[in-house]
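Scroll down for the structure; my scribbles are underneath it.
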2 protein chains.
Amino acid sequence: MKETTGASQSHPLYRQVYDHILNRMKRGEWKAQDKLPSVRLLAEELKVHRLTVFKAYRQLTEDGKVYVKDKSGYYVSADSVLVEEGVVISSYLQSNQLSDIQRNPAKYQFSQSLIDPNLLPNMFLSDYVKKVFDMYPKVMGTYATVQGDDELRESLSQHYKEHHRLQLSSEELLITSGGQQAINLIAQIMLGPMDAVLIERPTYGVALDIFRRQGARLIPVQITPEGYDLEEVENLMRMHKPRMFYMNPTHHNPTGYTVPVWQRKLLVELAERYHCLIVEDDPFRDIYFDVDPPLPLFAYDTEGWVIYISSFSKYVAPGLRICAVACRYPFMEQLIKAKSLADNGTPQLNQKIFLHYYTSPRLQQHLGKLRIALQVHKEIMEEELAKVGWEWTSPQGGLNLWVKLPEDISVEALFRKSQEQSISFVPGEIFDTLGEMKSWIRLSFSFANETLLREGMQRLTALSRTL
Amino acid sequence: MKETTGASQSHPLYRQVYDHILNRMKRGEWKAQDKLPSVRLLAEELKVHRLTVFKAYRQLTEDGKVYVKDKSGYYVSADSVLVEEGVVISSYLQSNQLSDIQRNPAKYQFSQSLIDPNLLPNMFLSDYVKKVFDMYPKVMGTYATVQGDDELRESLSQHYKEHHRLQLSSEELLITSGGQQAINLIAQIMLGPMDAVLIERPTYGVALDIFRRQGARLIPVQITPEGYDLEEVENLMRMHKPRMFYMNPTHHNPTGYTVPVWQRKLLVELAERYHCLIVEDDPFRDIYFDVDPPLPLFAYDTEGWVIYISSFSKYVAPGLRICAVACRYPFMEQLIKAKSLADNGTPQLNQKIFLHYYTSPRLQQHLGKLRIALQVHKEIMEEELAKVGWEWTSPQGGLNLWVKLPEDISVEALFRKSQEQSISFVPGEIFDTLGEMKSWIRLSFSFANETLLREGMQRLTALSRTL
C-alpha cells in the first residue's frame with residue numbers, strides 16, 4: 001500500500017505546480033482579477049522548468065481558474081477563489097453540534113456516552129500508579145518506543161489469546177493515544193481523494209470527519225438489530241470497490257446493536273474477495289450484560305483484511321487514553337511510520353499504569369460490578385420508556401438506547417423543551433450521514449446516577465406528552 | 001488560512017477523479033497494460049458525470065499515464081505505475097539512520113541527545129503523582145478538553161509572562177503530546193504541494209520528514225555561531241514566498257548556537273513583511289549555563305506571525321510528553337480542529353501531574369542542579385576535545401557539541417571504528433538536507449555519566465589518531 005498522503009509527489013510536476021498555484025489563490029495571496037507572476041518568475045521561484053509553469057497556467061486557464069488578458073499575462077478569475085469545501089465544513093458542524101449538546105451542562109445528562117466517573121476505579125488506581133513508580137523508578141525519564149511498550153504489547157497479545165481467541169504476536173500490536181488517533185492514522189495511510197469508505201448508518205460522528213478530510217466518499221450501510229444486509233454490502237463492495245469498511249459491530253454506538261457471528265465470518269470473506277479492509281472499532285466489547293458478545297471479526301481473519309481497534313478509555317480510564325491496534329504486516333509497518341510522525345509514541349507512564357491495572361485481578365472485579373451497575377441503569381431507563389409507546393431494541397451491552405419516537409412527536413421540539421428543563425439527549429439525525437432519522441434519539445444511561453436517571457426519564461416522557 | 005489537507009476537495013471534480021485513478025494504479029489495482037474500466041462504468045462507480053471521467057482519462061492520456069488502443073478503450077501505460085516518491089523515502093531513511101545509530105547499545109553513548117535519567121527528578125515525581133490523585137480523585141475518569149486542561153494553560157500563561165515576558169491568554173495556548181505532534185499539526189494546516197519552508201542547515205531530522213510528507217520544498221538557511229545571514233533570509237523570503245520558517249533559535253540542535261536578540265527583532269519584522277510564519281521550536285531554553293538566553297522571538301511579535309512551541313519533555317519528564325503551543329487566533333482555531341481530529345486531546349492525567357510538578361519550587365531546585373551537572377558534562381567533553389585539534393563553538397546551553405574534524409580524518413571511518421569500540425556519535429551529514437557537512441559530528445554530553453564521558457572521549461580521540 002502507498003502512503004496516499006505523499007502520493008501527490010508522484011504526480012506530474014506541472015500538476016503539483018497547478019495545485020500549488022490554486023492553493024495560493026485560495027489563501028488570498030492572489031485575489032480575483034490579480035495579475036499572476038510571469039511564467040519566468042514563477043519558474044525561478046519554484047525552481048522548475050518554464051514549460052512546467054506554462055503547462056500549469058494553461059491547465060488553470062482551461063479549468064476557468066485563470067484567464068489570459070490580451071497577451072499581457074495571466075489573471076485570477078473571479079470564481080477560482082471561491083472555496084467549495086462543503087463536506088469538511090458540514091462534518092465539523094455535525095461534530096460541533098454533538099459537542100455543543102454535550103458541553104451544555106444538564107442536570108439530567110443523557111447525551112454523554114460516558115460512564116459516571118463514580119463507577120470508575122479512580123480511587124484505587126492511584127495505588128497502581130504508586131506501584132508503577134516503585135517498579136520503574138525511571139519511567140518518567142524514558143521515552144516509549146514508537147510501537148508501544150514491549151511489556152504492554154506482550155501482555156495484551158496474551159490477553160487477546162485467552163479472552164478473544166486472537167492469534168497475535170506483540171509485533172502485530174501498536175499502542176495509540178485513544179481510538180481516534182488509531183482511526184486517524186489508518187485513514188492517513190489508506191484514503192485518497194474519492195476513495196470509497198463503507199460506514200454504518202447511523203454511525204458515530206468523529207470517524208466521519210477524519211474520512212472526509214482525506215477526501216473520501218462515504219457510503220452508508222444500514223445496521224439493524226439483525227446486523228447488516230450482506231447482499232447490500234456485497235453489492236456496494238462490487239460497485240464501489242471501497243478501500244475500507246469502518247464498523248463498530250459490537251454494542252454499536254449509537255444503536256447498541258451487535259452483528260451476529262454468522263455475518264462476521266461472511267464479512268471477512270467479503271473483505272478478502274473484494275480487497276476491502278475491515279476496520280473493526282471495538283470499544284464496548286467488555287461492557288456486556290447477560291451474554292458474552294461474539295468473537296471479533298479479527299478472530300476469523302486469516303489473510304490480514306481486518307484491523308482491530310480496542311480502546312480501553314471507556315471503562316478503564318479515560319484519563320489514560322490507551323488504545324491497542326491489531327493488524328498484520330505490511331500494514332503494521334506503515335502504521336508505525338505514521339505514528340512516528342504523529343507523536344513519536346504514546347507516553348510511557350500511561351502505558352505502564354495501564355499495564356499493571358489491566359492485568360490485575362481488581363480489573364475483573366471492577367468490570368463485574370460495572371456491568372451490573374450499567375445493567376441496572378439500562379433497566380431503569382427501559383422501565384420508564386415502556387410506560388410511553390416509544391420503540392427500542394434492548395441492547396446486550398454498551399452505554400446507550402436507540403429509541404424511535406412516535407411520528408406525532410417532533411424530536412426537534414422535544415429537544416428544545418428538554419434543554420429548558422435541563423434534560424439533554426442527542427437527536428438521531430446527528431448520527432445519520434443522510435441527516436434523516438428524524439424520529440430517533442440516543443439516550444445514554446451510563447452517565448447519570450440512578451435517581452437522576454429515573455427522575456429525568458419521567459420528566460422527559462411527561463414533556464413529550466405536552467407537545 | 002485554509003486547511004490544505006482538505007484542499008483537493010475544492011479542485012475541479014475531474015482532477016479529483018484524475019488523482020483517484022492515479023492512486024489506484026499506484027496501489028497496483030490496475031497494472032501496466034491493464035484495460036481500465038469504461039467511462040460509463042467508472043462514472044457510475046464514482047457517482048460523477050461521464051464527461052468528468054472522460055476529461056480525467058483525456059488528461060491522464062496527455063500526461064502519458066494512460067494510452068488509448070484503437071478505440072477499444074483506455075490502458076495503463078508502463079511508466080505510470082512507477083512511483084517516484086524519492087524525497088519521502090530518503091527522509092525516512094535519514095531519520096531511520098539516526099534512530100538506528102541511537103538504538104545501537106553503546107557503552108559510550110554520545111549519540112543520544114537525551115538527559116541521563118539519573119539526572120531527572122523521577123524519584124520524587126511519584127509524590128506529585130500521589131498528590132494529584134488526592135487533589136483530583138476522578139482525574140482518571142475524565143477526558144481533557146481538546147485544547148488542554150484549563151488550569152494548566154492558565155498557569156503556563158502566568159509562567160510565560162513572568163519568565164519570558166510573553167503576553168499570552170490561556171486561550172492562546174494549546175497542549176500537545178510532545179513537540180513533534182505540534183509540528184505535525186502545524187504542517188497539516190499550513191503546507192500544501194510545493195509550498196516553500198525555510199529550515200536551518202544543519203537541522204534536526206524529524207521535522208523534515210513531516211514537511212516532506214506534505215509535499216513541501218525545503219529551503220536551507222545557514223545557521224552559524226552569529227545566527228543567520230539576514231540578507232540571505234530576506235532574499236529567500238522574497239524569492240520563494242515561504243509559508244513558514246521552522247527554526248530552533250535557542251541552543252539549536254545539533255549545533256548549540258543561539259540567534260542573537262537584534263536578529264530576533266528583525267526576523268519578526270521580516271516574517272510580517274513577507275507573510276512567512278515563524279515556527280519557533282524552543283525545547284532547550286531552560287537548559288542554559290552561565291547566561292540566560294535571549295527572549296523568544298514570540299515576545300517581539302505583535303501581529304501573530306510567530307508560533308511558539310515549548311516542549312518540556314527534555315528536562316522535566318520524557319515519560320509525560322507535555323508540550324505547549326502558543327499562537328494567536330485565527331490560527332489557534334484551526335490548530336484546535338486539527339488536534340481534535342488527531343487524538344481529541346492530550347491525556348488529562350499527564351497534564352495534571354505536569355502542572356503540579358512544574359509549578360513547584362522543587363522544579364527550580366532541580367533545574368539549578370541539572371544546569372550545573374550538564375555544564376560539568378560539557379566541560380569534561382571540551383577538555384578532551386581541546387587536546388586534539390578539533391574545532392567547535394562552546395554552546396551557552398543545550399545537550400550537544402557540534403564539532404568539526406580536521407580534513408584528514410574520515411568521519412565515516414571514525415564512525416565505523418568507534419562502533420566496534422562501543423562508542424556512538426552522530427555523523428553531521430545526517431543533519432544536513434544537502435547531505436554534505438561530511439567533516440562534522442554531533443557529540444551529546446548529556447547522556448553518559450562523567451566517568452564514561454571522559455573515558456569515552458579519550459578513546460574516541462585516540463581512535464582518530466589511528467586513522
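Every chain in the C-alpha cells has a letter given in the order shown (A, B, ...), and although residue numbers restart at 1 in each chain, ligands are simply numbered from 1 in the order shown.
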Please provide the set of residues having any atom within 12 Å of Leu119 in chain A, restricted to only C-alpha atoms, with same-chain residues fewer than 6 positions apart removed, written as a ChimeraX atom specification.
/A:314-317,366-374,377,446-450 /B:138,140-142
If we count only C-alpha atoms and set the cut-off at 6 Å, which residues sit around Asn248 in chain A, ignoring sequence neighbours fewer than 4 positions away in its own chain? Please answer as a list in words.
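Surrounding residues, per the criterion: His252, Glu280, Asp281 and Asp282 of chain A.
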Output all heavy atoms of each residue in that selection to a file, as a short mmCIF file (atom, residue, chain, number, x, y, z; two decimals), in the first residue's frame.
data_model
loop_
_atom_site.label_atom_id
_atom_site.label_comp_id
_atom_site.auth_asym_id
_atom_site.auth_seq_id
_atom_site.Cartn_x
_atom_site.Cartn_y
_atom_site.Cartn_z
N HIS A 252 -22.90 -1.55 19.17
CA HIS A 252 -22.70 -0.40 18.28
C HIS A 252 -23.19 0.92 18.87
O HIS A 252 -24.23 0.97 19.53
CB HIS A 252 -23.44 -0.72 16.97
CG HIS A 252 -23.53 0.40 16.01
ND1 HIS A 252 -24.65 1.20 15.91
CD2 HIS A 252 -22.65 0.85 15.07
CE1 HIS A 252 -24.45 2.10 14.95
NE2 HIS A 252 -23.25 1.91 14.43
N GLU A 280 -12.28 -2.64 12.37
CA GLU A 280 -13.23 -3.05 13.42
C GLU A 280 -12.95 -2.27 14.70
O GLU A 280 -11.97 -2.52 15.40
CB GLU A 280 -13.09 -4.57 13.67
CG GLU A 280 -14.04 -5.10 14.72
CD GLU A 280 -13.92 -6.62 14.91
OE1 GLU A 280 -12.88 -7.19 14.50
OE2 GLU A 280 -14.87 -7.21 15.47
N ASP A 281 -13.81 -1.32 14.98
CA ASP A 281 -13.67 -0.47 16.16
C ASP A 281 -14.49 -1.10 17.28
O ASP A 281 -15.70 -1.29 17.13
CB ASP A 281 -14.18 0.94 15.81
CG ASP A 281 -13.70 1.98 16.82
OD1 ASP A 281 -12.99 1.62 17.78
OD2 ASP A 281 -14.05 3.17 16.65
N ASP A 282 -13.84 -1.44 18.39
CA ASP A 282 -14.48 -2.32 19.37
C ASP A 282 -14.35 -1.84 20.81
O ASP A 282 -13.94 -2.60 21.70
CB ASP A 282 -13.87 -3.73 19.23
CG ASP A 282 -14.81 -4.82 19.74
OD1 ASP A 282 -16.01 -4.54 19.92
OD2 ASP A 282 -14.33 -5.95 19.97
#
Need to verify the contact set: range 99-114 of chain B, 8 Å, only C-alpha atoms, exclusion of same-chain residues closer than 4 positions in sequence. Can you return it as a ChimeraX atom specification?
/B:95,314,399-400,419,422-426,442-448,452-453,456
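Using only C-alpha atoms for every distance, the candidate list A:Met239, A:Leu467, A:Val206, A:Ile409 yields A:Val206 as the residue closest to Asn344 in chain B.
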For chain A against chain B, which residues fall within 7 Å using only C-alpha atoms, given as a ChimeraX atom specification?
/A:1-2,5-6,9-10,16-17,19-20,27,45-46,83-85,117,120,122-123,126,130,133,137-143,177-178,180-181,184,192-195,210,213-215,239-240,317-321,341-343,347-349
Resulting file, chosen residues, C-alpha atoms, as a PDB file, in the first residue's frame:
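The result, stored in selection_16.pdb:
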ATOM      1  CA  MET A   1       0.000   0.000   0.000  1.00  0.00           C
ATOM      2  CA  LYS A   2       1.240   3.501  -0.786  1.00  0.00           C
ATOM      3  CA  THR A   5      -0.758  11.499   1.766  1.00  0.00           C
ATOM      4  CA  GLY A   6       2.555  11.518  -0.062  1.00  0.00           C
ATOM      5  CA  GLN A   9       4.599  13.880  -5.073  1.00  0.00           C
ATOM      6  CA  SER A  10       4.487  11.191  -7.708  1.00  0.00           C
ATOM      7  CA  GLN A  16       1.963  19.907  -8.340  1.00  0.00           C
ATOM      8  CA  VAL A  17       2.555  23.442  -9.626  1.00  0.00           C
ATOM      9  CA  ASP A  19      -2.180  22.606  -7.026  1.00  0.00           C
ATOM     10  CA  HIS A  20       0.334  25.000  -5.546  1.00  0.00           C
ATOM     11  CA  ARG A  27      -5.312  31.564   0.681  1.00  0.00           C
ATOM     12  CA  GLU A  45      10.686  30.840  -7.612  1.00  0.00           C
ATOM     13  CA  LEU A  46       9.623  27.193  -7.724  1.00  0.00           C
ATOM     14  CA  VAL A  83     -13.716  27.519  -1.962  1.00  0.00           C
ATOM     15  CA  GLU A  84     -16.253  24.716  -2.011  1.00  0.00           C
ATOM     16  CA  GLU A  85     -15.092  22.512   0.855  1.00  0.00           C
ATOM     17  CA  PRO A 117     -16.750   8.661  36.966  1.00  0.00           C
ATOM     18  CA  LEU A 120     -14.786   4.030  37.618  1.00  0.00           C
ATOM     19  CA  ASN A 122     -10.207   6.004  40.167  1.00  0.00           C
ATOM     20  CA  MET A 123      -9.844   5.672  43.897  1.00  0.00           C
ATOM     21  CA  SER A 126      -3.613   5.645  42.404  1.00  0.00           C
ATOM     22  CA  LYS A 130       2.486   4.367  43.102  1.00  0.00           C
ATOM     23  CA  PHE A 133       6.854   4.220  40.197  1.00  0.00           C
ATOM     24  CA  PRO A 137      11.728   4.474  39.143  1.00  0.00           C
ATOM     25  CA  LYS A 138      12.864   5.910  35.809  1.00  0.00           C
ATOM     26  CA  VAL A 139       9.556   5.567  33.946  1.00  0.00           C
ATOM     27  CA  MET A 140       9.196   9.347  33.735  1.00  0.00           C
ATOM     28  CA  GLY A 141      12.686   9.720  32.373  1.00  0.00           C
ATOM     29  CA  THR A 142      12.357   7.471  29.380  1.00  0.00           C
ATOM     30  CA  TYR A 143      10.544   7.701  26.062  1.00  0.00           C
ATOM     31  CA  SER A 177      -3.395   7.541  22.325  1.00  0.00           C
ATOM     32  CA  GLY A 178      -7.069   6.640  22.163  1.00  0.00           C
ATOM     33  CA  GLN A 180      -9.459   8.294  17.478  1.00  0.00           C
ATOM     34  CA  GLN A 181      -5.733   8.526  16.859  1.00  0.00           C
ATOM     35  CA  ASN A 184      -6.783   8.955  12.027  1.00  0.00           C
ATOM     36  CA  GLY A 192      -7.061   9.389  -1.066  1.00  0.00           C
ATOM     37  CA  PRO A 193      -9.471  11.636  -2.983  1.00  0.00           C
ATOM     38  CA  MET A 194     -12.794   9.959  -3.873  1.00  0.00           C
ATOM     39  CA  ASP A 195     -11.852   6.649  -2.300  1.00  0.00           C
ATOM     40  CA  ILE A 210     -11.460  12.120   9.583  1.00  0.00           C
ATOM     41  CA  ARG A 213     -10.788  15.334   5.471  1.00  0.00           C
ATOM     42  CA  GLN A 214      -8.997  12.747   3.351  1.00  0.00           C
ATOM     43  CA  GLY A 215     -11.476  13.489   0.571  1.00  0.00           C
ATOM     44  CA  MET A 239     -19.976  -1.430  -7.200  1.00  0.00           C
ATOM     45  CA  HIS A 240     -17.742   0.995  -5.303  1.00  0.00           C
ATOM     46  CA  ALA A 317      -9.553   5.152  32.478  1.00  0.00           C
ATOM     47  CA  PRO A 318     -10.462   7.924  30.052  1.00  0.00           C
ATOM     48  CA  GLY A 319      -7.666   9.949  31.649  1.00  0.00           C
ATOM     49  CA  LEU A 320      -5.057   7.483  30.357  1.00  0.00           C
ATOM     50  CA  ARG A 321      -6.091   7.320  26.682  1.00  0.00           C
ATOM     51  CA  LEU A 341       5.426  11.241  12.531  1.00  0.00           C
ATOM     52  CA  ALA A 342       2.256  11.891  14.535  1.00  0.00           C
ATOM     53  CA  ASP A 343       3.745  11.946  18.045  1.00  0.00           C
ATOM     54  CA  PRO A 347       3.589   8.371  26.809  1.00  0.00           C
ATOM     55  CA  GLN A 348       5.422   5.598  28.654  1.00  0.00           C
ATOM     56  CA  LEU A 349       3.869   6.447  32.028  1.00  0.00           C
TER      57      LEU A 349
END
Just the alpha helix (DSSP H) stuff from range 20-211 of chain B, please, per backbone DSSP, written as a PyMOL selection string.
chain B and resi 20-26+39-46+50-62+86-103+122-135+150-164+178-190+205-211
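Using only C-alpha atoms, the protein and nucleic acid residues lying no more than 7 Å from range 224-228 of chain B, apart from those fewer than 6 places from it along its own chain, are B:Tyr257, B:Thr258, B:Val259, B:Pro260.
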Expected file: the selected residues, all heavy atoms, as a PDB file, in the first residue's frame:
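Below is the file result.pdb, written as the result:
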ATOM      1  N   TYR B 257      24.068  26.565  18.770  1.00  0.00           N
ATOM      2  CA  TYR B 257      24.126  28.009  18.536  1.00  0.00           C
ATOM      3  C   TYR B 257      22.846  28.690  18.997  1.00  0.00           C
ATOM      4  O   TYR B 257      21.782  28.069  19.056  1.00  0.00           O
ATOM      5  CB  TYR B 257      24.338  28.310  17.049  1.00  0.00           C
ATOM      6  CG  TYR B 257      25.557  27.668  16.423  1.00  0.00           C
ATOM      7  CD1 TYR B 257      25.584  27.385  15.059  1.00  0.00           C
ATOM      8  CD2 TYR B 257      26.671  27.338  17.192  1.00  0.00           C
ATOM      9  CE1 TYR B 257      26.687  26.803  14.455  1.00  0.00           C
ATOM     10  CE2 TYR B 257      27.798  26.751  16.603  1.00  0.00           C
ATOM     11  CZ  TYR B 257      27.794  26.478  15.235  1.00  0.00           C
ATOM     12  OH  TYR B 257      28.887  25.888  14.646  1.00  0.00           O
ATOM     13  N   THR B 258      22.954  29.984  19.340  1.00  0.00           N
ATOM     14  CA  THR B 258      21.791  30.777  19.736  1.00  0.00           C
ATOM     15  C   THR B 258      21.734  32.054  18.910  1.00  0.00           C
ATOM     16  O   THR B 258      22.734  32.765  18.791  1.00  0.00           O
ATOM     17  CB  THR B 258      21.868  31.108  21.245  1.00  0.00           C
ATOM     18  OG1 THR B 258      21.651  29.911  21.992  1.00  0.00           O
ATOM     19  CG2 THR B 258      20.809  32.130  21.627  1.00  0.00           C
ATOM     20  N   VAL B 259      20.575  32.326  18.325  1.00  0.00           N
ATOM     21  CA  VAL B 259      20.397  33.510  17.482  1.00  0.00           C
ATOM     22  C   VAL B 259      20.291  34.749  18.368  1.00  0.00           C
ATOM     23  O   VAL B 259      19.501  34.765  19.316  1.00  0.00           O
ATOM     24  CB  VAL B 259      19.132  33.358  16.609  1.00  0.00           C
ATOM     25  CG1 VAL B 259      18.847  34.633  15.834  1.00  0.00           C
ATOM     26  CG2 VAL B 259      19.279  32.162  15.679  1.00  0.00           C
ATOM     27  N   PRO B 260      21.111  35.806  18.099  1.00  0.00           N
ATOM     28  CA  PRO B 260      21.166  36.978  18.975  1.00  0.00           C
ATOM     29  C   PRO B 260      19.878  37.807  18.939  1.00  0.00           C
ATOM     30  O   PRO B 260      19.098  37.744  17.989  1.00  0.00           O
ATOM     31  CB  PRO B 260      22.337  37.785  18.419  1.00  0.00           C
ATOM     32  CG  PRO B 260      22.471  37.341  17.003  1.00  0.00           C
ATOM     33  CD  PRO B 260      22.055  35.907  16.974  1.00  0.00           C
TER      34      PRO B 260
END
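Closest to His163 in chain A among A:Ile441, A:Ala299, A:Val291, A:Leu270 is A:Ala299, based on only C-alpha atoms.
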Residues within 8 Å of Met457 in chain B, only C-alpha atoms, excluding chain neighbours under 4 positions, as an mmCIF file with C-alpha atoms, in the first residue's frame:
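part08.cif, freshly written:
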data_model
loop_
_atom_site.group_PDB
_atom_site.id
_atom_site.type_symbol
_atom_site.label_atom_id
_atom_site.label_comp_id
_atom_site.auth_asym_id
_atom_site.auth_seq_id
_atom_site.Cartn_x
_atom_site.Cartn_y
_atom_site.Cartn_z
ATOM 1 C CA MET B 381 33.944 16.772 26.834
ATOM 2 C CA GLU B 384 39.217 16.152 25.957
ATOM 3 C CA LEU B 385 38.455 17.821 22.628
ATOM 4 C CA LEU B 453 32.158 10.611 29.313
ATOM 5 C CA THR B 461 40.213 10.976 20.204
#
Non-local contacts of Gly397 in chain A (8 Å; only C-alpha atoms; under 5 positions in same chain excluded) as a list of chain:residue names:
A:His251, A:Gly256, A:Phe284, A:Arg285, A:Ile287, A:Tyr288, A:Phe289
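Here CA of Glu303 in chain A is placed at a distance of 20.0 Å from CA of Ile336 in chain A.
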Nearest to Gln421 in chain A by atom-to-atom distance, counting only C-alpha atoms, from A:Glu455, A:Lys404, A:Arg165, A:Glu391:
A:Glu455
Based on DSSP run over this structure's backbone, return all residues of range 70-177 of chain A in strand (DSSP E), as a PyMOL selection string.
chain A and resi 73-76+108-109+173-176
Requested write-out: all heavy atoms of the selected residues, as a PDB file, in the first residue's frame:
ATOM      1  N   GLY A  73      -0.708  38.797 -19.932  1.00  0.00           N
ATOM      2  CA  GLY A  73      -0.380  37.839 -18.887  1.00  0.00           C
ATOM      3  C   GLY A  73      -1.586  37.097 -18.337  1.00  0.00           C
ATOM      4  O   GLY A  73      -2.692  37.198 -18.862  1.00  0.00           O
ATOM      5  N   TYR A  74      -1.355  36.347 -17.264  1.00  0.00           N
ATOM      6  CA  TYR A  74      -2.394  35.521 -16.648  1.00  0.00           C
ATOM      7  C   TYR A  74      -3.012  36.244 -15.463  1.00  0.00           C
ATOM      8  O   TYR A  74      -2.310  36.886 -14.669  1.00  0.00           O
ATOM      9  CB  TYR A  74      -1.793  34.190 -16.189  1.00  0.00           C
ATOM     10  CG  TYR A  74      -1.265  33.353 -17.327  1.00  0.00           C
ATOM     11  CD1 TYR A  74       0.079  33.411 -17.678  1.00  0.00           C
ATOM     12  CD2 TYR A  74      -2.105  32.513 -18.052  1.00  0.00           C
ATOM     13  CE1 TYR A  74       0.581  32.633 -18.715  1.00  0.00           C
ATOM     14  CE2 TYR A  74      -1.623  31.736 -19.087  1.00  0.00           C
ATOM     15  CZ  TYR A  74      -0.280  31.812 -19.423  1.00  0.00           C
ATOM     16  OH  TYR A  74       0.203  31.056 -20.458  1.00  0.00           O
ATOM     17  N   TYR A  75      -4.345  36.128 -15.336  1.00  0.00           N
ATOM     18  CA  TYR A  75      -5.067  36.778 -14.243  1.00  0.00           C
ATOM     19  C   TYR A  75      -5.952  35.759 -13.525  1.00  0.00           C
ATOM     20  O   TYR A  75      -6.388  34.773 -14.110  1.00  0.00           O
ATOM     21  CB  TYR A  75      -5.929  37.919 -14.785  1.00  0.00           C
ATOM     22  CG  TYR A  75      -5.123  39.075 -15.334  1.00  0.00           C
ATOM     23  CD1 TYR A  75      -4.547  39.006 -16.602  1.00  0.00           C
ATOM     24  CD2 TYR A  75      -4.918  40.223 -14.571  1.00  0.00           C
ATOM     25  CE1 TYR A  75      -3.792  40.059 -17.104  1.00  0.00           C
ATOM     26  CE2 TYR A  75      -4.163  41.283 -15.060  1.00  0.00           C
ATOM     27  CZ  TYR A  75      -3.598  41.191 -16.334  1.00  0.00           C
ATOM     28  OH  TYR A  75      -2.848  42.219 -16.812  1.00  0.00           O
ATOM     29  N   VAL A  76      -6.210  36.025 -12.220  1.00  0.00           N
ATOM     30  CA  VAL A  76      -7.073  35.140 -11.426  1.00  0.00           C
ATOM     31  C   VAL A  76      -8.529  35.414 -11.791  1.00  0.00           C
ATOM     32  O   VAL A  76      -8.974  36.559 -11.725  1.00  0.00           O
ATOM     33  CB  VAL A  76      -6.873  35.395  -9.920  1.00  0.00           C
ATOM     34  CG1 VAL A  76      -7.767  34.461  -9.110  1.00  0.00           C
ATOM     35  CG2 VAL A  76      -5.415  35.232  -9.540  1.00  0.00           C
ATOM     36  N   TYR A 108     -30.020  16.440  34.024  1.00  0.00           N
ATOM     37  CA  TYR A 108     -30.327  15.069  33.584  1.00  0.00           C
ATOM     38  C   TYR A 108     -29.547  14.800  32.306  1.00  0.00           C
ATOM     39  O   TYR A 108     -29.979  15.119  31.210  1.00  0.00           O
ATOM     40  CB  TYR A 108     -31.831  14.909  33.381  1.00  0.00           C
ATOM     41  CG  TYR A 108     -32.619  15.343  34.597  1.00  0.00           C
ATOM     42  CD1 TYR A 108     -33.287  16.556  34.619  1.00  0.00           C
ATOM     43  CD2 TYR A 108     -32.660  14.544  35.744  1.00  0.00           C
ATOM     44  CE1 TYR A 108     -33.989  16.965  35.743  1.00  0.00           C
ATOM     45  CE2 TYR A 108     -33.361  14.946  36.871  1.00  0.00           C
ATOM     46  CZ  TYR A 108     -34.024  16.152  36.861  1.00  0.00           C
ATOM     47  OH  TYR A 108     -34.715  16.555  37.974  1.00  0.00           O
ATOM     48  N   GLN A 109     -28.356  14.229  32.487  1.00  0.00           N
ATOM     49  CA  GLN A 109     -27.372  14.125  31.415  1.00  0.00           C
ATOM     50  C   GLN A 109     -27.507  12.783  30.683  1.00  0.00           C
ATOM     51  O   GLN A 109     -26.948  11.776  31.100  1.00  0.00           O
ATOM     52  CB  GLN A 109     -25.973  14.283  32.023  1.00  0.00           C
ATOM     53  CG  GLN A 109     -24.810  14.178  31.060  1.00  0.00           C
ATOM     54  CD  GLN A 109     -24.966  15.011  29.821  1.00  0.00           C
ATOM     55  OE1 GLN A 109     -25.505  14.547  28.818  1.00  0.00           O
ATOM     56  NE2 GLN A 109     -24.508  16.248  29.891  1.00  0.00           N
ATOM     57  N   LEU A 173       0.890  -5.567  17.297  1.00  0.00           N
ATOM     58  CA  LEU A 173       0.131  -4.599  18.089  1.00  0.00           C
ATOM     59  C   LEU A 173       0.829  -3.246  18.088  1.00  0.00           C
ATOM     60  O   LEU A 173       2.066  -3.174  18.174  1.00  0.00           O
ATOM     61  CB  LEU A 173      -0.020  -5.094  19.527  1.00  0.00           C
ATOM     62  CG  LEU A 173      -1.046  -6.190  19.773  1.00  0.00           C
ATOM     63  CD1 LEU A 173      -0.916  -6.729  21.196  1.00  0.00           C
ATOM     64  CD2 LEU A 173      -2.457  -5.679  19.525  1.00  0.00           C
ATOM     65  N   LEU A 174       0.027  -2.195  17.973  1.00  0.00           N
ATOM     66  CA  LEU A 174       0.530  -0.823  18.086  1.00  0.00           C
ATOM     67  C   LEU A 174      -0.297  -0.116  19.163  1.00  0.00           C
ATOM     68  O   LEU A 174      -1.520  -0.241  19.181  1.00  0.00           O
ATOM     69  CB  LEU A 174       0.376  -0.076  16.759  1.00  0.00           C
ATOM     70  CG  LEU A 174       0.635   1.436  16.781  1.00  0.00           C
ATOM     71  CD1 LEU A 174       2.126   1.728  16.850  1.00  0.00           C
ATOM     72  CD2 LEU A 174       0.019   2.115  15.564  1.00  0.00           C
ATOM     73  N   ILE A 175       0.385   0.585  20.064  1.00  0.00           N
ATOM     74  CA  ILE A 175      -0.333   1.337  21.098  1.00  0.00           C
ATOM     75  C   ILE A 175      -0.541   2.771  20.605  1.00  0.00           C
ATOM     76  O   ILE A 175       0.409   3.417  20.160  1.00  0.00           O
ATOM     77  CB  ILE A 175       0.468   1.360  22.421  1.00  0.00           C
ATOM     78  CG1 ILE A 175       0.814  -0.060  22.872  1.00  0.00           C
ATOM     79  CG2 ILE A 175      -0.316   2.100  23.503  1.00  0.00           C
ATOM     80  CD1 ILE A 175      -0.382  -0.944  23.125  1.00  0.00           C
ATOM     81  N   THR A 176      -1.790   3.244  20.650  1.00  0.00           N
ATOM     82  CA  THR A 176      -2.057   4.632  20.267  1.00  0.00           C
ATOM     83  C   THR A 176      -2.704   5.386  21.429  1.00  0.00           C
ATOM     84  O   THR A 176      -3.143   4.766  22.396  1.00  0.00           O
ATOM     85  CB  THR A 176      -3.013   4.721  19.056  1.00  0.00           C
ATOM     86  OG1 THR A 176      -4.291   4.179  19.443  1.00  0.00           O
ATOM     87  CG2 THR A 176      -2.458   3.949  17.878  1.00  0.00           C
TER      88      THR A 176
END
Provide the CA of Leu168 in chain B to CA of Cys327 in chain B distance in Å, to one decimal place.
8.6 Å
